[in-house]
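Accompanying notes for the structure given below.
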Amino acid sequence: MPQPPSVAALIMAAGSGVRFGGSLPKQFQPLLGASPLRRTLRRFAGDPSVTAVYCVTASDMATVFAAQTTDLPNIIRADGGATRQESVRLGLEAIAAAPASPDIVLIHDAARPIVPGDMVDTLLAALEQHDGAAPALPVADTLSAAADGRFGTEIDRSELVGRQTPQAFRFGPILKAHRASQDHPATDDIALARLAGLQTAIVPGSMLLHKLTTADDKGMLEALLRDQGRICVGSGYDVHAFGPGDHVTLCGVRIPHGRALVGHSDADVAMHALTDAILGAIGAGDIGQHFPPSDSQWQGAASRIFLERAAADAAAIGALLQNVDVTIICERPKVGPHREAMRANLASLLNLPPERVNVKATTTERLGFTGREEGIAAMASATVSIAG
């Protein structure tokens, strides 16, 4: 039985992203909790058809790259050049310097952080008959020339497509093409391959491969990201007893009360339940494993630390928090007057729109320990989508 081809992914992240704004190039900036680069690297590192992942960045981004990929130790980074074409060539040379060159290379822009699950397989199938392949979408808008702010002659769009990445190639021919074309600028790698006489094929593109170019693209990509991946739901439950004090903290909001909740941290029972819910959704244990009461560093700690860490752990594995729901169970204090402040605080901490955060309260009709006002209980659920 023939062995499947070895496939290297080459992720291009050397651009300056000046049109996007911000202190870092766009591929390193947060996008719903994780940078486009990080999302892209995780996507290819987790693809069963990909045997190695390389990434090209500007040399002065090496430290930022390292900070964003601490849990992806097998990604090989190379310095880029003055242009994208030069950066691709340098990346291909880094791959060629490895002990064994791959059969196929996938060249992809980090600024396209969503890659449909079947795209790699589709491209590999196309390479069975061609030297290269790339996804493309038909042009939907009317095209025309333009000058001085006015429309000119319309252009027939019936035979036009917009090329996307990843673009797939047999490794040897595309490396040779890059080496031979250093003085011939090309707009992308398919253009360079065609210049070298390689046979290239079109595979169906996807709107999911939208590229982050300007700040306006961010909202579109965020909306697309929220709709991707498998859905996982976690639940959490916590209880804290009352003790001496003059306030309780619920969802990070300080509420005057005749007693306080007792706990190793600030005893925010609602945040503790929600932290467990997020950890449960991503299969990462529970709050006690991550923040054991026996550890003195958490004595009196603000529970927002636990919640933010759980959210960061979710982002680190490519999980996108979709919505959360918290139920506080007590006779007193009354939650209603503080509900919107609680929702706003959780939404801010979790980088969620307020409408995706729900806080509600109920009583046990004077039954049980909460009915006797011996303490407060809280239940929570969290829904995440995980790419792939």
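So you can find residues: chains in the structure tokens are A, B, ... in the order shown, residues in each start at 1, and ligands are numbered from 1 in order.
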**Asked** So which residues of stretch 33-272 of chain A fall under strand (DSSP E) by DSSP, listed as a PyMOL selection string?
**Response** chain A and resi 52-57+76-79+104-109+132-138+143-147+150-155+161-163+167-170+200-204+230-243+247-250+253-256+260-261
**Prompt:** Taking the backbone alone, and naming residues the way the document does, which bits of stretch 132-205 of chain A are alpha helix (DSSP H) by DSSP, as a PyMOL selection string?
**Reply:** chain A and resi 171-180+189-195
**Prompt:** Which of these, A:Leu143, A:Ala341, A:Gln182, A:Leu10, has the shortest distance to A:Ala82 once you count only C-alpha atoms?
**Reply:**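 Going through A:Leu143, A:Ala341, A:Gln182, A:Leu10 one by one, the smallest distance to A:Ala82 is for A:Gln182.
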**From A:Cys251, A:Ala273, A:Thr383, A:Ile329, residue lying nearest A:Ser348 [only C-alpha atoms]** = A:Cys251
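Between A:Asp121 and the candidates A:Ala193, A:Pro5, A:Asp216, A:Ala58, the tightest atom-to-atom separation, counting only C-alpha atoms, involves A:Pro5.
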**Request:** With a distance cut-off of 12 Å and only C-alpha atoms, select the neighbouring residues of A:Pro166, excluding the residue or stretch itself and same-chain residues fewer than 4 positions from it, and output the selection as a ChimeraX atom specification.
**Result:** /A:8-12,40,43-44,105-116,118-124,132-136,188-190,202-206,209-211
How about saving the chosen residues, N, CA and C atoms kept, as a compact mmCIF listing (two decimals), in the first residue's frame?
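Below you can see part.txt, which holds the result:
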```txt
# COMPACT_ATOMS: atom_id res chain seq x y z
N ALA A 8 4.36 19.61 4.26
CA ALA A 8 4.78 20.70 5.14
C ALA A 8 3.85 21.89 4.92
N ALA A 9 3.46 22.53 6.00
CA ALA A 9 2.70 23.78 5.92
C ALA A 9 3.66 24.94 6.17
N LEU A 10 3.62 25.93 5.29
CA LEU A 10 4.47 27.12 5.42
C LEU A 10 3.54 28.31 5.65
N ILE A 11 3.57 28.84 6.87
CA ILE A 11 2.66 29.91 7.26
C ILE A 11 3.40 31.25 7.14
N MET A 12 2.82 32.14 6.36
CA MET A 12 3.45 33.42 6.09
C MET A 12 2.93 34.48 7.07
N THR A 40 -4.06 30.03 13.15
CA THR A 40 -3.60 29.37 11.93
C THR A 40 -2.62 28.25 12.23
N ARG A 43 -4.35 25.29 13.64
CA ARG A 43 -5.14 24.59 12.62
C ARG A 43 -4.28 23.62 11.83
N PHE A 44 -3.11 24.05 11.37
CA PHE A 44 -2.28 23.18 10.56
C PHE A 44 -1.53 22.16 11.41
N VAL A 105 4.11 21.11 -0.25
CA VAL A 105 4.09 22.24 0.67
C VAL A 105 2.79 23.01 0.49
N LEU A 106 2.19 23.41 1.61
CA LEU A 106 1.01 24.27 1.63
C LEU A 106 1.45 25.65 2.07
N ILE A 107 1.28 26.65 1.25
CA ILE A 107 1.71 28.01 1.57
C ILE A 107 0.45 28.81 1.92
N HIS A 108 0.43 29.34 3.14
CA HIS A 108 -0.80 29.97 3.63
C HIS A 108 -0.49 31.26 4.36
N ASP A 109 -1.38 32.25 4.19
CA ASP A 109 -1.24 33.53 4.89
C ASP A 109 -1.84 33.42 6.29
N ALA A 110 -1.07 33.82 7.29
CA ALA A 110 -1.57 33.81 8.66
C ALA A 110 -2.76 34.73 8.84
N ALA A 111 -2.92 35.70 7.94
CA ALA A 111 -4.04 36.64 8.04
C ALA A 111 -5.36 36.02 7.60
N ARG A 112 -5.35 34.75 7.20
CA ARG A 112 -6.58 34.01 6.93
C ARG A 112 -6.71 32.93 8.01
N PRO A 113 -7.26 33.28 9.19
CA PRO A 113 -7.20 32.36 10.34
C PRO A 113 -8.22 31.24 10.32
N ILE A 114 -9.16 31.23 9.36
CA ILE A 114 -10.15 30.16 9.29
C ILE A 114 -9.89 29.35 8.02
N VAL A 115 -9.56 28.08 8.19
CA VAL A 115 -9.34 27.18 7.06
C VAL A 115 -10.36 26.05 7.16
N PRO A 116 -11.29 25.93 6.21
CA PRO A 116 -12.29 24.88 6.27
C PRO A 116 -11.67 23.50 6.46
N ASP A 118 -12.09 20.57 5.25
CA ASP A 118 -11.78 19.69 4.13
C ASP A 118 -10.83 20.32 3.12
N MET A 119 -10.36 21.54 3.38
CA MET A 119 -9.57 22.26 2.37
C MET A 119 -8.24 21.56 2.08
N VAL A 120 -7.55 21.11 3.11
CA VAL A 120 -6.25 20.47 2.88
C VAL A 120 -6.43 19.22 2.04
N ASP A 121 -7.39 18.38 2.37
CA ASP A 121 -7.61 17.15 1.60
C ASP A 121 -7.98 17.47 0.15
N THR A 122 -8.77 18.52 -0.06
CA THR A 122 -9.16 18.90 -1.41
C THR A 122 -7.95 19.33 -2.23
N LEU A 123 -7.07 20.09 -1.62
CA LEU A 123 -5.86 20.53 -2.32
C LEU A 123 -4.93 19.36 -2.62
N LEU A 124 -4.78 18.46 -1.66
CA LEU A 124 -3.90 17.31 -1.89
C LEU A 124 -4.44 16.43 -3.02
N GLY A 132 0.36 22.34 -8.92
CA GLY A 132 -0.08 23.27 -7.91
C GLY A 132 -1.58 23.42 -7.92
N ALA A 133 -2.12 23.92 -6.82
CA ALA A 133 -3.57 24.12 -6.74
C ALA A 133 -3.84 25.18 -5.69
N ALA A 134 -4.95 25.90 -5.89
CA ALA A 134 -5.33 26.94 -4.93
C ALA A 134 -6.84 27.11 -4.95
N PRO A 135 -7.42 27.49 -3.81
CA PRO A 135 -8.85 27.80 -3.79
C PRO A 135 -9.12 29.15 -4.42
N ALA A 136 -10.27 29.27 -5.05
CA ALA A 136 -10.64 30.54 -5.67
C ALA A 136 -12.15 30.69 -5.66
N ASP A 188 1.36 36.28 -6.20
CA ASP A 188 1.24 35.18 -5.25
C ASP A 188 1.99 33.99 -5.81
N ASP A 189 1.91 32.86 -5.14
CA ASP A 189 2.72 31.71 -5.54
C ASP A 189 2.16 30.99 -6.76
N ILE A 190 0.85 31.04 -6.96
CA ILE A 190 0.29 30.49 -8.19
C ILE A 190 0.80 31.28 -9.40
N ILE A 202 -7.65 24.97 -10.07
CA ILE A 202 -8.54 25.69 -9.17
C ILE A 202 -9.36 24.67 -8.38
N VAL A 203 -9.43 24.87 -7.06
CA VAL A 203 -10.38 24.12 -6.24
C VAL A 203 -11.37 25.13 -5.65
N PRO A 204 -12.56 24.68 -5.27
CA PRO A 204 -13.56 25.64 -4.76
C PRO A 204 -13.05 26.41 -3.54
N GLY A 205 -13.16 27.73 -3.59
CA GLY A 205 -12.78 28.55 -2.46
C GLY A 205 -13.88 28.62 -1.42
N SER A 206 -13.65 29.46 -0.43
CA SER A 206 -14.62 29.57 0.67
C SER A 206 -14.61 30.98 1.22
N LEU A 209 -12.38 31.77 4.21
CA LEU A 209 -10.97 32.13 4.03
C LEU A 209 -10.78 33.64 3.89
N HIS A 210 -11.69 34.38 4.47
CA HIS A 210 -11.61 35.85 4.41
C HIS A 210 -10.29 36.32 5.04
N LYS A 211 -9.67 37.28 4.41
CA LYS A 211 -8.36 37.76 4.84
C LYS A 211 -8.49 39.01 5.71
```
**Message:** Residues within 10 Å of A:Leu160, please, as a PyMOL selection string. Count only C-alpha atoms; anything in the same chain fewer than 3 positions from it doesn't count.
**Reply:** chain A and resi 136-140+155-157+163
I'd like the contact shell of A:Ala34 - 8 Å cut-off, only C-alpha atoms, skipping same-chain residues fewer than 6 positions apart - returned as a PDB file with N, CA and C atoms, in the first residue's frame.
```pdb
ATOM      1  N   ALA A 315      -8.805  29.773  25.091  1.00  0.00           N
ATOM      2  CA  ALA A 315      -8.264  30.404  23.881  1.00  0.00           C
ATOM      3  C   ALA A 315      -6.995  29.704  23.412  1.00  0.00           C
ATOM      4  N   ALA A 316      -6.206  29.208  24.370  1.00  0.00           N
ATOM      5  CA  ALA A 316      -4.929  28.580  24.032  1.00  0.00           C
ATOM      6  C   ALA A 316      -5.104  27.308  23.215  1.00  0.00           C
ATOM      7  N   GLY A 318      -7.600  26.981  21.072  1.00  0.00           N
ATOM      8  CA  GLY A 318      -8.426  27.334  19.932  1.00  0.00           C
ATOM      9  C   GLY A 318      -9.908  27.301  20.199  1.00  0.00           C
TER      10      GLY A 318
END
```
I'd like the contact shell of A:Ala378 - 7 Å cut-off, only C-alpha atoms, skipping same-chain residues fewer than 2 positions apart - returned as a PDB file with C-alpha atoms, in the first residue's frame.
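File produced: result_38.pdb:
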```pdb
ATOM      1  CA  TYR A 237     -21.484  24.271  40.722  1.00  0.00           C
ATOM      2  CA  ASP A 238     -20.118  25.830  43.890  1.00  0.00           C
ATOM      3  CA  VAL A 239     -21.176  26.574  47.458  1.00  0.00           C
ATOM      4  CA  VAL A 269     -19.279  31.566  44.427  1.00  0.00           C
ATOM      5  CA  ALA A 270     -20.688  32.634  41.051  1.00  0.00           C
ATOM      6  CA  ALA A 273     -19.008  27.992  39.288  1.00  0.00           C
ATOM      7  CA  THR A 327     -27.680  31.045  38.351  1.00  0.00           C
ATOM      8  CA  ILE A 328     -27.183  32.324  41.908  1.00  0.00           C
ATOM      9  CA  ILE A 329     -29.176  30.493  44.585  1.00  0.00           C
ATOM     10  CA  ILE A 376     -24.996  30.795  48.779  1.00  0.00           C
ATOM     11  CA  ALA A 380     -23.159  27.928  35.685  1.00  0.00           C
TER      12      ALA A 380
END
```
**Request:** Rank A:Gln27, A:Leu92, A:Thr363, A:Ala13 by their smallest atom-to-atom distance to A:Val335, using only C-alpha atoms, and report the top residue only.
**Result:** A:Thr363
**Item:** Exercise: A:Ala319 partners within 12 Å, only C-alpha atoms, chain neighbours under 2 positions left out, as a PyMOL selection string
**Value:** chain A and resi 32-34+38-39+42-43+225-233+278-279+281-284+310-317+321-322+382-388
Create the file for the chosen residues now, containing N, CA and C atoms and written as a short mmCIF file (atom, residue, chain, number, x, y, z; two decimals), in the first residue's frame.
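Just written: again11.cif:
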```cif
data_model
loop_
_atom_site.label_atom_id
_atom_site.label_comp_id
_atom_site.auth_asym_id
_atom_site.auth_seq_id
_atom_site.Cartn_x
_atom_site.Cartn_y
_atom_site.Cartn_z
N LEU A 32 -10.66 37.79 19.13
CA LEU A 32 -11.48 36.98 20.03
C LEU A 32 -10.62 36.09 20.92
N GLY A 33 -9.58 36.67 21.49
CA GLY A 33 -8.80 35.96 22.49
C GLY A 33 -7.56 35.26 21.99
N ALA A 34 -7.41 35.09 20.69
CA ALA A 34 -6.22 34.42 20.15
C ALA A 34 -5.86 35.09 18.83
N ARG A 38 -1.76 32.50 15.76
CA ARG A 38 -1.90 31.36 16.65
C ARG A 38 -3.02 30.42 16.17
N ARG A 39 -4.14 31.00 15.76
CA ARG A 39 -5.24 30.18 15.26
C ARG A 39 -4.80 29.38 14.04
N ARG A 42 -2.27 26.52 14.98
CA ARG A 42 -2.96 25.40 15.63
C ARG A 42 -3.76 24.59 14.60
N ARG A 43 -4.35 25.29 13.64
CA ARG A 43 -5.14 24.59 12.62
C ARG A 43 -4.28 23.62 11.83
N LEU A 225 -15.80 33.37 13.03
CA LEU A 225 -15.20 32.50 14.05
C LEU A 225 -16.24 32.00 15.03
N ARG A 226 -17.20 32.84 15.38
CA ARG A 226 -18.20 32.43 16.36
C ARG A 226 -19.08 31.29 15.85
N ASP A 227 -19.12 31.12 14.55
CA ASP A 227 -19.98 30.10 13.96
C ASP A 227 -19.24 28.81 13.59
N GLN A 228 -17.94 28.74 13.92
CA GLN A 228 -17.14 27.60 13.49
C GLN A 228 -16.89 26.60 14.62
N GLY A 229 -16.61 25.37 14.22
CA GLY A 229 -16.12 24.36 15.16
C GLY A 229 -17.21 23.54 15.83
N ARG A 230 -16.75 22.51 16.55
CA ARG A 230 -17.68 21.67 17.30
C ARG A 230 -18.08 22.39 18.57
N ILE A 231 -19.29 22.16 19.01
CA ILE A 231 -19.82 22.83 20.19
C ILE A 231 -19.64 21.94 21.42
N CYS A 232 -19.10 22.51 22.48
CA CYS A 232 -18.91 21.80 23.74
C CYS A 232 -19.53 22.63 24.86
N VAL A 233 -20.17 21.96 25.80
CA VAL A 233 -20.83 22.63 26.91
C VAL A 233 -20.27 22.10 28.22
N ILE A 278 -16.30 26.64 32.37
CA ILE A 278 -15.40 26.82 31.22
C ILE A 278 -14.37 25.71 31.17
N LEU A 279 -13.79 25.38 32.32
CA LEU A 279 -12.82 24.29 32.35
C LEU A 279 -13.46 22.98 31.92
N ALA A 281 -15.98 22.65 29.83
CA ALA A 281 -16.26 22.69 28.40
C ALA A 281 -15.04 22.32 27.56
N ILE A 282 -13.85 22.63 28.07
CA ILE A 282 -12.63 22.33 27.30
C ILE A 282 -11.91 21.09 27.83
N GLY A 283 -12.55 20.39 28.78
CA GLY A 283 -11.95 19.16 29.31
C GLY A 283 -10.67 19.39 30.08
N ALA A 284 -10.65 20.45 30.88
CA ALA A 284 -9.41 20.82 31.58
C ALA A 284 -9.52 20.70 33.10
N ALA A 310 -9.05 30.56 33.14
CA ALA A 310 -9.83 29.53 32.44
C ALA A 310 -10.14 29.97 31.01
N ALA A 311 -10.51 31.25 30.85
CA ALA A 311 -10.78 31.77 29.50
C ALA A 311 -9.52 31.75 28.64
N ALA A 312 -8.38 32.07 29.22
CA ALA A 312 -7.11 32.04 28.49
C ALA A 312 -6.74 30.61 28.10
N ASP A 313 -7.01 29.65 28.99
CA ASP A 313 -6.75 28.24 28.68
C ASP A 313 -7.62 27.79 27.51
N ALA A 314 -8.86 28.28 27.48
CA ALA A 314 -9.74 27.94 26.37
C ALA A 314 -9.20 28.51 25.06
N ALA A 315 -8.81 29.77 25.09
CA ALA A 315 -8.26 30.40 23.88
C ALA A 315 -7.00 29.70 23.41
N ALA A 316 -6.21 29.21 24.37
CA ALA A 316 -4.93 28.58 24.03
C ALA A 316 -5.10 27.31 23.21
N ILE A 317 -6.24 26.64 23.36
CA ILE A 317 -6.46 25.43 22.56
C ILE A 317 -7.38 25.71 21.37
N LEU A 321 -15.20 31.01 23.31
CA LEU A 321 -16.33 31.09 24.22
C LEU A 321 -17.51 31.73 23.51
N GLN A 322 -18.65 31.02 23.53
CA GLN A 322 -19.84 31.50 22.82
C GLN A 322 -20.82 32.21 23.75
N ALA A 382 -21.28 26.97 30.38
CA ALA A 382 -20.48 27.69 29.40
C ALA A 382 -20.47 26.89 28.10
N THR A 383 -20.67 27.57 27.00
CA THR A 383 -20.65 26.95 25.68
C THR A 383 -19.47 27.47 24.89
N VAL A 384 -18.68 26.56 24.33
CA VAL A 384 -17.54 26.95 23.51
C VAL A 384 -17.61 26.24 22.18
N SER A 385 -17.01 26.84 21.17
CA SER A 385 -16.81 26.15 19.90
C SER A 385 -15.31 25.95 19.74
N ILE A 386 -14.97 24.75 19.29
CA ILE A 386 -13.56 24.38 19.15
C ILE A 386 -13.32 24.02 17.70
N ALA A 387 -12.39 24.71 17.07
CA ALA A 387 -12.12 24.49 15.66
C ALA A 387 -11.74 23.05 15.40
N GLY A 388 -12.26 22.52 14.29
CA GLY A 388 -11.94 21.15 13.90
C GLY A 388 -12.78 20.16 14.60
#
```
